[in-house]
Each structure stands twice: as structure tokens, then as C-alpha cells.
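For reference, protein20.pdb (PDB, C-alpha atoms and all ligand atoms):
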```
ATOM      1  CA  MET R  19      -6.140   7.668  -0.532  1.00  0.00           C
ATOM      2  CA  ALA R  20      -7.776   6.420   2.644  1.00  0.00           C
ATOM      3  CA  ILE R  21     -10.272   7.686   5.175  1.00  0.00           C
ATOM      4  CA  PHE R  22      -9.717   6.828   8.850  1.00  0.00           C
ATOM      5  CA  LEU R  23     -12.630   7.211  11.262  1.00  0.00           C
ATOM      6  CA  HIS R  24     -11.903   7.691  14.972  1.00  0.00           C
ATOM      7  CA  TYR R  25     -14.272   8.087  17.917  1.00  0.00           C
ATOM      8  CA  GLY R  26     -13.834  10.691  20.682  1.00  0.00           C
ATOM      9  CA  ASP R  27     -10.256  11.696  19.936  1.00  0.00           C
ATOM     10  CA  LEU R  28      -7.345  11.415  17.539  1.00  0.00           C
ATOM     11  CA  PRO R  29      -5.293   8.273  18.365  1.00  0.00           C
ATOM     12  CA  GLU R  30      -1.851   8.934  19.861  1.00  0.00           C
ATOM     13  CA  THR R  31      -0.290   7.139  16.886  1.00  0.00           C
ATOM     14  CA  VAL R  32      -1.438   9.819  14.404  1.00  0.00           C
ATOM     15  CA  HIS R  33       0.964  12.768  14.121  1.00  0.00           C
ATOM     16  CA  PHE R  34       1.104  15.863  11.965  1.00  0.00           C
ATOM     17  CA  THR R  35       4.169  18.009  11.410  1.00  0.00           C
ATOM     18  CA  GLY R  36       4.429  21.417   9.803  1.00  0.00           C
ATOM     19  CA  SER R  37       0.796  21.871   8.834  1.00  0.00           C
ATOM     20  CA  VAL R  38      -2.569  20.131   8.941  1.00  0.00           C
ATOM     21  CA  ALA R  39      -5.769  20.840   7.017  1.00  0.00           C
ATOM     22  CA  VAL R  40      -8.784  21.056   9.342  1.00  0.00           C
ATOM     23  CA  ASP R  41     -12.562  21.308   8.904  1.00  0.00           C
ATOM     24  CA  THR R  42     -15.532  20.710  11.178  1.00  0.00           C
ATOM     25  CA  GLU R  43     -19.091  19.504  10.698  1.00  0.00           C
ATOM     26  CA  THR R  44     -21.729  20.650  13.177  1.00  0.00           C
ATOM     27  CA  MET R  45     -25.455  20.492  13.888  1.00  0.00           C
ATOM     28  CA  GLY R  46     -25.824  23.936  12.302  1.00  0.00           C
ATOM     29  CA  LEU R  47     -24.268  27.367  11.899  1.00  0.00           C
ATOM     30  CA  ASN R  48     -25.263  28.866  15.278  1.00  0.00           C
ATOM     31  CA  LEU R  49     -22.208  28.817  17.551  1.00  0.00           C
ATOM     32  CA  ASN R  50     -24.216  28.991  20.756  1.00  0.00           C
ATOM     33  CA  ARG R  51     -26.946  26.534  19.771  1.00  0.00           C
ATOM     34  CA  ASP R  52     -25.308  23.907  17.562  1.00  0.00           C
ATOM     35  CA  ARG R  53     -22.767  21.362  18.712  1.00  0.00           C
ATOM     36  CA  LEU R  54     -19.581  20.130  17.116  1.00  0.00           C
ATOM     37  CA  CYS R  55     -20.056  16.674  15.538  1.00  0.00           C
ATOM     38  CA  LEU R  56     -16.971  15.896  13.453  1.00  0.00           C
ATOM     39  CA  VAL R  57     -13.422  17.205  13.019  1.00  0.00           C
ATOM     40  CA  GLN R  58     -11.610  16.303   9.785  1.00  0.00           C
ATOM     41  CA  LEU R  59      -7.843  16.408   9.397  1.00  0.00           C
ATOM     42  CA  SER R  60      -5.412  15.818   6.523  1.00  0.00           C
ATOM     43  CA  ALA R  61      -1.660  16.136   6.088  1.00  0.00           C
ATOM     44  CA  GLY R  62      -2.213  16.955   2.410  1.00  0.00           C
ATOM     45  CA  ASP R  63      -1.096  13.446   1.417  1.00  0.00           C
ATOM     46  CA  GLY R  64      -4.503  12.246   0.184  1.00  0.00           C
ATOM     47  CA  ASP R  65      -5.459  10.617   3.489  1.00  0.00           C
ATOM     48  CA  ALA R  66      -8.080  12.027   5.848  1.00  0.00           C
ATOM     49  CA  HIS R  67      -8.658  11.389   9.551  1.00  0.00           C
ATOM     50  CA  LEU R  68     -12.192  11.960  10.802  1.00  0.00           C
ATOM     51  CA  VAL R  69     -12.764  12.379  14.541  1.00  0.00           C
ATOM     52  CA  LYS R  70     -16.373  11.838  15.641  1.00  0.00           C
ATOM     53  CA  ILE R  71     -17.161  14.037  18.641  1.00  0.00           C
ATOM     54  CA  ALA R  72     -19.992  13.146  21.035  1.00  0.00           C
ATOM     55  CA  PRO R  73     -21.273  15.564  23.688  1.00  0.00           C
ATOM     56  CA  GLY R  74     -18.805  15.617  26.580  1.00  0.00           C
ATOM     57  CA  ASP R  75     -15.792  14.344  24.626  1.00  0.00           C
ATOM     58  CA  ALA R  76     -12.668  16.299  25.670  1.00  0.00           C
ATOM     59  CA  ALA R  77     -10.443  14.957  22.851  1.00  0.00           C
ATOM     60  CA  PRO R  78      -7.101  15.788  24.522  1.00  0.00           C
ATOM     61  CA  ASN R  79      -4.879  14.669  21.599  1.00  0.00           C
ATOM     62  CA  LEU R  80      -6.910  16.703  19.129  1.00  0.00           C
ATOM     63  CA  VAL R  81      -6.834  19.705  21.474  1.00  0.00           C
ATOM     64  CA  ALA R  82      -3.044  19.446  21.820  1.00  0.00           C
ATOM     65  CA  LEU R  83      -2.670  19.409  18.027  1.00  0.00           C
ATOM     66  CA  MET R  84      -4.977  22.421  17.604  1.00  0.00           C
ATOM     67  CA  ALA R  85      -2.878  24.399  20.108  1.00  0.00           C
ATOM     68  CA  ASP R  86       0.546  23.147  18.904  1.00  0.00           C
ATOM     69  CA  PRO R  87       2.519  26.303  17.932  1.00  0.00           C
ATOM     70  CA  ALA R  88       4.678  24.241  15.524  1.00  0.00           C
ATOM     71  CA  VAL R  89       1.747  23.054  13.368  1.00  0.00           C
ATOM     72  CA  VAL R  90      -0.180  25.489  11.131  1.00  0.00           C
ATOM     73  CA  LYS R  91      -3.874  24.674  10.979  1.00  0.00           C
ATOM     74  CA  ILE R  92      -5.231  25.309   7.443  1.00  0.00           C
ATOM     75  CA  PHE R  93      -8.992  25.999   7.267  1.00  0.00           C
ATOM     76  CA  HIS R  94     -11.481  27.321   4.758  1.00  0.00           C
ATOM     77  CA  PHE R  95     -13.481  30.000   6.629  1.00  0.00           C
ATOM     78  CA  ALA R  96     -11.475  29.532   9.819  1.00  0.00           C
ATOM     79  CA  ARG R  97     -13.596  32.098  11.651  1.00  0.00           C
ATOM     80  CA  PHE R  98     -16.396  29.570  12.157  1.00  0.00           C
ATOM     81  CA  ASP R  99     -14.273  26.489  12.888  1.00  0.00           C
ATOM     82  CA  VAL R 100     -11.998  28.325  15.341  1.00  0.00           C
ATOM     83  CA  ALA R 101     -15.016  29.604  17.288  1.00  0.00           C
ATOM     84  CA  MET R 102     -16.696  26.163  17.186  1.00  0.00           C
ATOM     85  CA  LEU R 103     -13.531  24.448  18.484  1.00  0.00           C
ATOM     86  CA  LYS R 104     -13.143  27.083  21.214  1.00  0.00           C
ATOM     87  CA  LYS R 105     -16.780  26.749  22.283  1.00  0.00           C
ATOM     88  CA  ASN R 106     -16.904  22.916  22.253  1.00  0.00           C
ATOM     89  CA  LEU R 107     -13.366  21.820  23.178  1.00  0.00           C
ATOM     90  CA  GLY R 108     -12.147  24.980  24.946  1.00  0.00           C
ATOM     91  CA  VAL R 109      -9.070  25.222  22.757  1.00  0.00           C
ATOM     92  CA  ASP R 110      -7.409  28.342  21.340  1.00  0.00           C
ATOM     93  CA  VAL R 111      -6.504  27.162  17.836  1.00  0.00           C
ATOM     94  CA  ALA R 112      -3.183  28.588  16.633  1.00  0.00           C
ATOM     95  CA  PRO R 113      -1.434  29.250  14.364  1.00  0.00           C
ATOM     96  CA  VAL R 114      -4.156  29.471  11.724  1.00  0.00           C
ATOM     97  CA  TYR R 115      -4.291  29.934   7.932  1.00  0.00           C
ATOM     98  CA  CYS R 116      -7.598  30.575   6.152  1.00  0.00           C
ATOM     99  CA  THR R 117      -7.928  29.886   2.418  1.00  0.00           C
ATOM    100  CA  LYS R 118     -11.043  32.096   2.245  1.00  0.00           C
ATOM    101  CA  ILE R 119      -9.278  35.149   3.678  1.00  0.00           C
ATOM    102  CA  ALA R 120      -6.233  34.492   1.489  1.00  0.00           C
ATOM    103  CA  SER R 121      -8.482  34.248  -1.580  1.00  0.00           C
ATOM    104  CA  LYS R 122     -10.325  37.489  -0.749  1.00  0.00           C
ATOM    105  CA  LEU R 123      -7.018  39.325  -0.408  1.00  0.00           C
ATOM    106  CA  CYS R 124      -5.384  38.151  -3.642  1.00  0.00           C
ATOM    107  CA  ARG R 125      -8.244  37.147  -6.004  1.00  0.00           C
ATOM    108  CA  THR R 126      -9.936  40.545  -6.246  1.00  0.00           C
ATOM    109  CA  ASN R 127     -10.917  39.676  -9.828  1.00  0.00           C
ATOM    110  CA  THR R 128     -13.807  37.587  -8.459  1.00  0.00           C
ATOM    111  CA  ASP R 129     -16.282  37.653  -5.593  1.00  0.00           C
ATOM    112  CA  ARG R 130     -16.566  33.858  -5.547  1.00  0.00           C
ATOM    113  CA  HIS R 131     -14.488  32.592  -2.629  1.00  0.00           C
ATOM    114  CA  GLY R 132     -16.334  29.404  -1.617  1.00  0.00           C
ATOM    115  CA  LEU R 133     -14.313  26.207  -1.235  1.00  0.00           C
ATOM    116  CA  LYS R 134     -16.042  24.808  -4.329  1.00  0.00           C
ATOM    117  CA  ASP R 135     -15.033  27.940  -6.296  1.00  0.00           C
ATOM    118  CA  LEU R 136     -11.399  27.790  -5.163  1.00  0.00           C
ATOM    119  CA  CYS R 137     -11.088  24.079  -5.977  1.00  0.00           C
ATOM    120  CA  ARG R 138     -12.519  24.666  -9.457  1.00  0.00           C
ATOM    121  CA  ASP R 139     -10.616  27.884 -10.266  1.00  0.00           C
ATOM    122  CA  LEU R 140      -7.211  27.044  -8.779  1.00  0.00           C
ATOM    123  CA  LEU R 141      -7.030  23.229  -8.927  1.00  0.00           C
ATOM    124  CA  GLY R 142      -9.501  22.187 -11.630  1.00  0.00           C
ATOM    125  CA  VAL R 143     -11.220  19.950  -9.063  1.00  0.00           C
ATOM    126  CA  GLU R 144     -15.026  19.665  -8.892  1.00  0.00           C
ATOM    127  CA  LEU R 145     -16.210  19.396  -5.294  1.00  0.00           C
ATOM    128  CA  SER R 146     -19.672  18.099  -4.350  1.00  0.00           C
ATOM    129  CA  LYS R 147     -21.492  19.946  -1.549  1.00  0.00           C
ATOM    130  CA  GLU R 148     -24.361  17.415  -1.497  1.00  0.00           C
ATOM    131  CA  GLN R 149     -23.937  16.197   2.114  1.00  0.00           C
ATOM    132  CA  GLN R 150     -23.357  19.698   3.580  1.00  0.00           C
ATOM    133  CA  THR R 151     -26.723  19.886   5.321  1.00  0.00           C
ATOM    134  CA  SER R 152     -27.044  16.203   6.239  1.00  0.00           C
ATOM    135  CA  ASP R 153     -27.483  15.097   9.886  1.00  0.00           C
ATOM    136  CA  TRP R 154     -23.959  15.152  11.335  1.00  0.00           C
ATOM    137  CA  GLY R 155     -25.243  14.340  14.833  1.00  0.00           C
ATOM    138  CA  ALA R 156     -25.899  10.670  14.022  1.00  0.00           C
ATOM    139  CA  PRO R 157     -23.509   8.368  15.935  1.00  0.00           C
ATOM    140  CA  GLU R 158     -22.284   6.677  12.726  1.00  0.00           C
ATOM    141  CA  PRO R 159     -21.469   8.893   9.745  1.00  0.00           C
ATOM    142  CA  SER R 160     -22.574   7.276   6.459  1.00  0.00           C
ATOM    143  CA  ALA R 161     -20.078   6.375   3.742  1.00  0.00           C
ATOM    144  CA  GLU R 162     -21.323   9.373   1.738  1.00  0.00           C
ATOM    145  CA  GLN R 163     -20.852  11.701   4.728  1.00  0.00           C
ATOM    146  CA  GLN R 164     -17.339  10.363   5.349  1.00  0.00           C
ATOM    147  CA  GLN R 165     -16.329  10.940   1.717  1.00  0.00           C
ATOM    148  CA  TYR R 166     -17.812  14.444   1.731  1.00  0.00           C
ATOM    149  CA  ALA R 167     -16.186  15.325   5.059  1.00  0.00           C
ATOM    150  CA  ALA R 168     -12.801  14.068   3.811  1.00  0.00           C
ATOM    151  CA  ASN R 169     -13.069  16.045   0.559  1.00  0.00           C
ATOM    152  CA  ASP R 170     -13.341  19.279   2.548  1.00  0.00           C
ATOM    153  CA  VAL R 171      -9.781  18.840   3.886  1.00  0.00           C
ATOM    154  CA  LEU R 172      -8.011  16.968   1.079  1.00  0.00           C
ATOM    155  CA  HIS R 173      -7.366  20.029  -1.118  1.00  0.00           C
ATOM    156  CA  LEU R 174      -6.509  22.729   1.428  1.00  0.00           C
ATOM    157  CA  HIS R 175      -2.724  22.216   1.223  1.00  0.00           C
ATOM    158  CA  ALA R 176      -2.766  22.535  -2.566  1.00  0.00           C
ATOM    159  CA  LEU R 177      -4.989  25.609  -2.316  1.00  0.00           C
ATOM    160  CA  LYS R 178      -2.673  27.215   0.250  1.00  0.00           C
ATOM    161  CA  ALA R 179       0.304  26.737  -2.083  1.00  0.00           C
ATOM    162  CA  LYS R 180      -1.554  28.420  -4.972  1.00  0.00           C
ATOM    163  CA  LEU R 181      -2.871  31.224  -2.759  1.00  0.00           C
ATOM    164  CA  ASP R 182       0.530  31.887  -1.147  1.00  0.00           C
ATOM    165  CA  ALA R 183       1.998  32.405  -4.617  1.00  0.00           C
ATOM    166  CA  LEU R 184      -0.812  34.830  -5.519  1.00  0.00           C
ATOM    167  CA  LEU R 185      -0.482  36.683  -2.191  1.00  0.00           C
ATOM    168  CA  ALA R 186       3.254  37.103  -2.801  1.00  0.00           C
ATOM    169  CA  ARG R 187       2.656  38.260  -6.388  1.00  0.00           C
ATOM    170  CA  GLU R 188       0.144  40.895  -5.214  1.00  0.00           C
ATOM    171  CA  GLY R 189       2.230  42.011  -2.228  1.00  0.00           C
ATOM    172  CA  ARG R 190      -0.406  40.978   0.322  1.00  0.00           C
ATOM    173  CA  ALA R 191       1.322  38.143   2.195  1.00  0.00           C
ATOM    174  CA  GLU R 192       1.935  40.300   5.280  1.00  0.00           C
ATOM    175  CA  LEU R 193      -1.646  41.566   5.304  1.00  0.00           C
ATOM    176  CA  ALA R 194      -2.884  37.970   5.100  1.00  0.00           C
ATOM    177  CA  ALA R 195      -0.597  36.919   7.966  1.00  0.00           C
ATOM    178  CA  ALA R 196      -1.920  39.788  10.116  1.00  0.00           C
ATOM    179  CA  CYS R 197      -5.525  38.744   9.371  1.00  0.00           C
ATOM    180  CA  HIS R 198      -4.684  35.157  10.316  1.00  0.00           C
ATOM    181  CA  ARG R 199      -3.201  36.314  13.628  1.00  0.00           C
ATOM    182  CA  PHE R 200      -6.412  38.275  14.316  1.00  0.00           C
ATOM    183  CA  LEU R 201      -8.709  35.282  13.710  1.00  0.00           C
ATOM    184  CA  ALA R 202      -8.699  34.168  17.365  1.00  0.00           C
ATOM    185  CA  THR R 203      -9.953  37.620  18.347  1.00  0.00           C
ATOM    186  CA  ARG R 204     -12.565  37.608  15.576  1.00  0.00           C
ATOM    187  CA  ALA R 205     -13.827  34.233  16.834  1.00  0.00           C
ATOM    188  CA  ALA R 206     -13.869  35.505  20.436  1.00  0.00           C
ATOM    189  CA  LEU R 207     -15.969  38.509  19.325  1.00  0.00           C
ATOM    190  CA  ASP R 208     -18.405  36.128  17.605  1.00  0.00           C
ATOM    191  CA  LEU R 209     -18.778  34.066  20.773  1.00  0.00           C
ATOM    192  CA  ALA R 210     -19.146  37.191  22.939  1.00  0.00           C
ATOM    193  CA  GLY R 211     -22.076  38.537  20.918  1.00  0.00           C
ATOM    194  CA  TRP R 212     -20.441  40.812  18.337  1.00  0.00           C
ATOM    195  CA  ASP R 213     -21.011  38.306  15.524  1.00  0.00           C
ATOM    196  CA  GLU R 214     -23.265  40.615  13.472  1.00  0.00           C
ATOM    197  CA  VAL R 215     -21.399  43.834  14.259  1.00  0.00           C
ATOM    198  CA  ASP R 216     -18.307  45.212  12.521  1.00  0.00           C
ATOM    199  CA  ILE R 217     -16.592  46.987  15.419  1.00  0.00           C
ATOM    200  CA  PHE R 218     -14.346  48.806  12.927  1.00  0.00           C
ATOM    201  CA  ALA R 219     -17.326  50.426  11.213  1.00  0.00           C
ATOM    202  CA  HIS R 220     -18.150  54.055  12.038  1.00  0.00           C
TER     203      HIS R 220
HETATM  204 MN    MN D   1     -17.045  20.879   5.733  1.00  0.00          MN
END
```
Can the structure in the file be given as C-alpha cells, please?
Ligand code: MN
Amino acid sequence: MAIFLHYGDLPETVHFTGSVAVDTETMGLNLNRDRLCLVQLSAGDGDAHLVKIAPGDAAPNLVALMADPAVVKIFHFARFDVAMLKKNLGVDVAPVYCTKIASKLCRTNTDRHGLKDLCRDLLGVELSKEQQTSDWGAPEPSAEQQQYAANDVLHLHALKAKLDALLAREGRAELAAACHRFLATRAALDLAGWDEVDIFAH
């Protein structure tokens, strides 16, 4: 496996077909306060591409990939990443698959749906979350940060395969697909100020 670090955009020579695992690292969890710092990508082949984003970067190749209707973007907790990418790069990410939503719909035997939980329960892989709150705004990500950032995308394809089988078994594949189609709207509501409000509640 290899980690490739790029600055400002994905090089034109890097292509993804069918699906790509995506994650982001940011200055924090507030969509309107905290900027996007890093976008991680993997084809599910053990390699990871990290794109360092500085303020003002437009990242046109990355944006084109995020909007490519022929490439499914696989996230864990897509709601946050989709809103972050919309806010910082102006892109409507689609189509989207979220391993957290899929897990909540088919693994009703547990309330543990974190990425660490899914990797342990479904793949037998122990994931470290040590660098999660490190400073992602630094111009040069450390070796430890790069490894951590890569790990967050390396297992999403394998998780999707396991979760798709469980969704099919439980008859919830269509419900999951409908939730995934709604994610862009959920992210838009977050950015528009309805982040703490469930508009479906009474
Ligand atoms: Mn991450």
C-alpha cells in the first residue's frame, strides 16, 4: 500500500472509476467556522491519495470527481463531509453512499456505528483514532497524520460490501438508497441553519 500526498488538487493523472472512498479532515466540526484542510481518497486497492487544501484552493479535478455521476462517493458520516465540501469547494457531491447510515439501517442489534466499531465488528480491523483532533491546518501533514488520514478511507469499500449484504438480507437496501439520495438536502439544511432541528419532528 502507498500514500500519495498532493497539494491544492488531485493530479489529472489520477482517475477513479465506479466508486471512490472519501473522507475529509478539517479545523473542527463547525461547518460555518472551520475550514477544510485535507481530502482523502481511495479506490479500495490499499492506496490512498491525500489532497491538501489551502484557503482559496478551487481544486477543479477533485470537484469534477465529486460531482461525477458515474462514480459513487463512499463516506462514513457523509452528512458532514458533503456539507464541508459544498461549503468550501462549492460542489454538490453525488452520488453518495454512507457506511454510517447503512450500518444504522441494518445493524439494529447495536448502537455502535462509529468507523472504529464497523472496522472491528465487520472486518476484524483495529483502527486508531489518535490523530483525530490533531492540527490539520498545518501546511505539511506529519507522517502520523498521513497514515491516520489514509486509514479513514482504506476500509470503506470493504465495509460497503459487508453492509450491502446485510441491507439486502434485512430488506432495507431501498430505504438506504433513498436516505443516500436525501443526503444533499440534509447537508443543505445543516448549512442553512437547521443543523440542530429535525424538521420531520412534530
Ligand atoms: Mn477522518
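Of the residues under consideration (R:Gly26, R:Ala20, R:Phe95, R:Ala168), R:Phe95 shows the shortest atom-to-atom contact distance to Tyr115 in chain R when counting all atoms listed in the file.
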Hey, which residues sit close to ligand MN 1 (chain D)? Say within 8 Å, counting all atoms listed in the file, and write them as JSON, numbers by chain. {"R": [41, 42, 43, 150, 166, 167, 170, 171]}
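Of the listed residues R:Gly132, R:Pro113, R:Pro73, R:Pro29, the one whose atoms come nearest to Pro157 in chain R is R:Pro73, with distances taken using all atoms listed in the file.
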The PyMOL selection byres (((chain R and resi 209) around 8) and not hetatm) - which residues does that actually catch in the file I just gave you? List them as a tab-separated table (two decimals) with C-alpha atoms, in the coordinates of the input.
```tsv
chain	number	residue	atom	x	y	z
R	49	LEU	CA	-22.21	28.82	17.55
R	50	ASN	CA	-24.22	28.99	20.76
R	101	ALA	CA	-15.02	29.60	17.29
R	105	LYS	CA	-16.78	26.75	22.28
R	205	ALA	CA	-13.83	34.23	16.83
R	206	ALA	CA	-13.87	35.51	20.44
R	207	LEU	CA	-15.97	38.51	19.32
R	208	ASP	CA	-18.40	36.13	17.60
R	210	ALA	CA	-19.15	37.19	22.94
R	211	GLY	CA	-22.08	38.54	20.92
R	212	TRP	CA	-20.44	40.81	18.34
R	213	ASP	CA	-21.01	38.31	15.52
```
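Taking CA of Leu141 in chain R as the reference point, CA of Ser121 in chain R is found at 13.3 Å.
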Could you tell me, as an NGL selection string, exactly which residues end up selected when the PyMOL selection byres (((chain R and resi 60) around 7) and not hetatm) is applied to this structure? :R and (38-40 or 59 or 61-62 or 65-67 or 171-172)
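Using all atoms listed in the file, the contacts of Ser152 in chain R at a cut-off of 12 Å, with sequence neighbours closer than 2 positions omitted, comprise R:Glu43, R:Thr44, R:Met45, R:Gly46, R:Cys55, R:Lys147, R:Glu148, R:Gln149, R:Gln150, R:Trp154, R:Gly155, R:Ala156, R:Pro159, R:Ser160, R:Glu162, R:Gln163, R:Gln164, R:Tyr166, R:Ala167.
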Env of Ala202 in chain R: 12 Å cut, atoms = all atoms listed in the file, seq-sep filter 3 positions within chain, self excluded. Answer as a PyMOL selection string. chain R and resi 85+96-104+109-116+196-199+205-209
Carefully work through the PyMOL selection byres (((chain R and resi 30) around 10) and not hetatm) for this structure and note down the residues it includes, as a PyMOL selection string. chain R and resi 27-29+31-33+78-80
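For the pair CA of Glu158 in chain R and CA of His173 in chain R, the interatomic distance is 24.3 Å.
From CA of Gly108 in chain R back to CA of Ile21 in chain R, the distance works out to 26.3 Å.
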As a PyMOL selection string, please: the residues near Tyr25 in chain R (cut-off 7 Å, all atoms listed in the file, same-chain neighbours under 3 positions excluded). chain R and resi 69-71
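Distance annotation: of R:Lys118, R:His220, R:Leu185, R:Lys180, the residue with the minimal separation from Arg130 in chain R is R:Lys118; atom set is all atoms listed in the file.
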Which centre and edge lengths in Å to one decimal define the box along x, y and z that fits every listed atom of range 96-99 of chain R plus 4 Å per side, as lines of an AutoDock Vina configuration file?
```
center_x = -13.9
center_y = 29.3
center_z = 11.4
size_x = 12.9
size_y = 13.6
size_z = 11.1
```
Would you pick out the contacts of Ser37 in chain R at 8 Å or less, using all atoms listed in the file, so that residues sharing its chain but fewer than 4 positions from it are not included, and give the list as a PyMOL selection string? chain R and resi 61+89-92
Since the input is missing atoms for range 112-142 of chain R, could you rebuild it with N, CA and C atoms and give the result as a short mmCIF file (atom, residue, chain, number, x, y, z; two decimals), keeping the file's coordinate frame?
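Saved the output as part.cif:
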```cif
data_model
loop_
_atom_site.label_atom_id
_atom_site.label_comp_id
_atom_site.auth_asym_id
_atom_site.auth_seq_id
_atom_site.Cartn_x
_atom_site.Cartn_y
_atom_site.Cartn_z
N ALA R 112 -4.24 27.72 17.16
CA ALA R 112 -3.18 28.59 16.63
C ALA R 112 -1.94 27.76 16.32
N PRO R 113 -1.14 28.19 15.34
CA PRO R 113 -1.43 29.25 14.36
C PRO R 113 -2.43 28.78 13.30
N VAL R 114 -3.06 29.75 12.65
CA VAL R 114 -4.16 29.47 11.72
C VAL R 114 -3.88 30.10 10.35
N TYR R 115 -4.30 29.40 9.30
CA TYR R 115 -4.29 29.93 7.93
C TYR R 115 -5.68 29.70 7.36
N CYS R 116 -6.26 30.71 6.72
CA CYS R 116 -7.60 30.58 6.15
C CYS R 116 -7.56 30.80 4.64
N THR R 117 -7.97 29.77 3.88
CA THR R 117 -7.93 29.89 2.42
C THR R 117 -8.97 30.89 1.91
N LYS R 118 -10.03 31.13 2.69
CA LYS R 118 -11.04 32.10 2.24
C LYS R 118 -10.51 33.52 2.37
N ILE R 119 -9.87 33.82 3.49
CA ILE R 119 -9.28 35.15 3.68
C ILE R 119 -8.17 35.37 2.65
N ALA R 120 -7.32 34.37 2.47
CA ALA R 120 -6.23 34.49 1.49
C ALA R 120 -6.81 34.78 0.11
N SER R 121 -7.87 34.05 -0.27
CA SER R 121 -8.48 34.25 -1.58
C SER R 121 -9.06 35.65 -1.73
N LYS R 122 -9.73 36.14 -0.68
CA LYS R 122 -10.32 37.49 -0.75
C LYS R 122 -9.26 38.56 -0.91
N LEU R 123 -8.08 38.32 -0.36
CA LEU R 123 -7.02 39.33 -0.41
C LEU R 123 -6.25 39.33 -1.73
N CYS R 124 -6.20 38.19 -2.41
CA CYS R 124 -5.38 38.15 -3.64
C CYS R 124 -6.21 37.95 -4.91
N ARG R 125 -7.44 37.41 -4.80
CA ARG R 125 -8.24 37.15 -6.00
C ARG R 125 -9.36 38.18 -6.11
N THR R 126 -8.95 39.46 -6.21
CA THR R 126 -9.94 40.54 -6.25
C THR R 126 -10.63 40.62 -7.60
N ASN R 127 -10.25 39.75 -8.54
CA ASN R 127 -10.92 39.68 -9.83
C ASN R 127 -12.26 38.96 -9.75
N THR R 128 -12.55 38.33 -8.60
CA THR R 128 -13.81 37.59 -8.46
C THR R 128 -14.39 37.81 -7.08
N ASP R 129 -15.70 37.61 -6.94
CA ASP R 129 -16.28 37.65 -5.59
C ASP R 129 -16.72 36.25 -5.17
N ARG R 130 -16.23 35.24 -5.89
CA ARG R 130 -16.57 33.86 -5.55
C ARG R 130 -15.40 33.22 -4.79
N HIS R 131 -15.57 33.09 -3.48
CA HIS R 131 -14.49 32.59 -2.63
C HIS R 131 -14.89 31.36 -1.83
N GLY R 132 -15.95 30.66 -2.26
CA GLY R 132 -16.33 29.40 -1.62
C GLY R 132 -15.29 28.33 -1.89
N LEU R 133 -15.29 27.30 -1.05
CA LEU R 133 -14.31 26.21 -1.24
C LEU R 133 -14.48 25.55 -2.61
N LYS R 134 -15.73 25.38 -3.01
CA LYS R 134 -16.04 24.81 -4.33
C LYS R 134 -15.45 25.67 -5.45
N ASP R 135 -15.57 27.00 -5.29
CA ASP R 135 -15.03 27.94 -6.30
C ASP R 135 -13.51 27.86 -6.37
N LEU R 136 -12.87 27.84 -5.20
CA LEU R 136 -11.40 27.79 -5.16
C LEU R 136 -10.88 26.49 -5.78
N CYS R 137 -11.53 25.37 -5.44
CA CYS R 137 -11.09 24.08 -5.98
C CYS R 137 -11.23 24.05 -7.49
N ARG R 138 -12.31 24.63 -8.01
CA ARG R 138 -12.52 24.67 -9.46
C ARG R 138 -11.53 25.62 -10.13
N ASP R 139 -11.43 26.85 -9.61
CA ASP R 139 -10.62 27.88 -10.27
C ASP R 139 -9.11 27.62 -10.16
N LEU R 140 -8.66 27.15 -9.00
CA LEU R 140 -7.21 27.04 -8.78
C LEU R 140 -6.67 25.63 -9.00
N LEU R 141 -7.52 24.61 -8.84
CA LEU R 141 -7.03 23.23 -8.93
C LEU R 141 -7.70 22.42 -10.04
N GLY R 142 -8.77 22.95 -10.63
CA GLY R 142 -9.50 22.19 -11.63
C GLY R 142 -10.21 20.98 -11.05
#
```
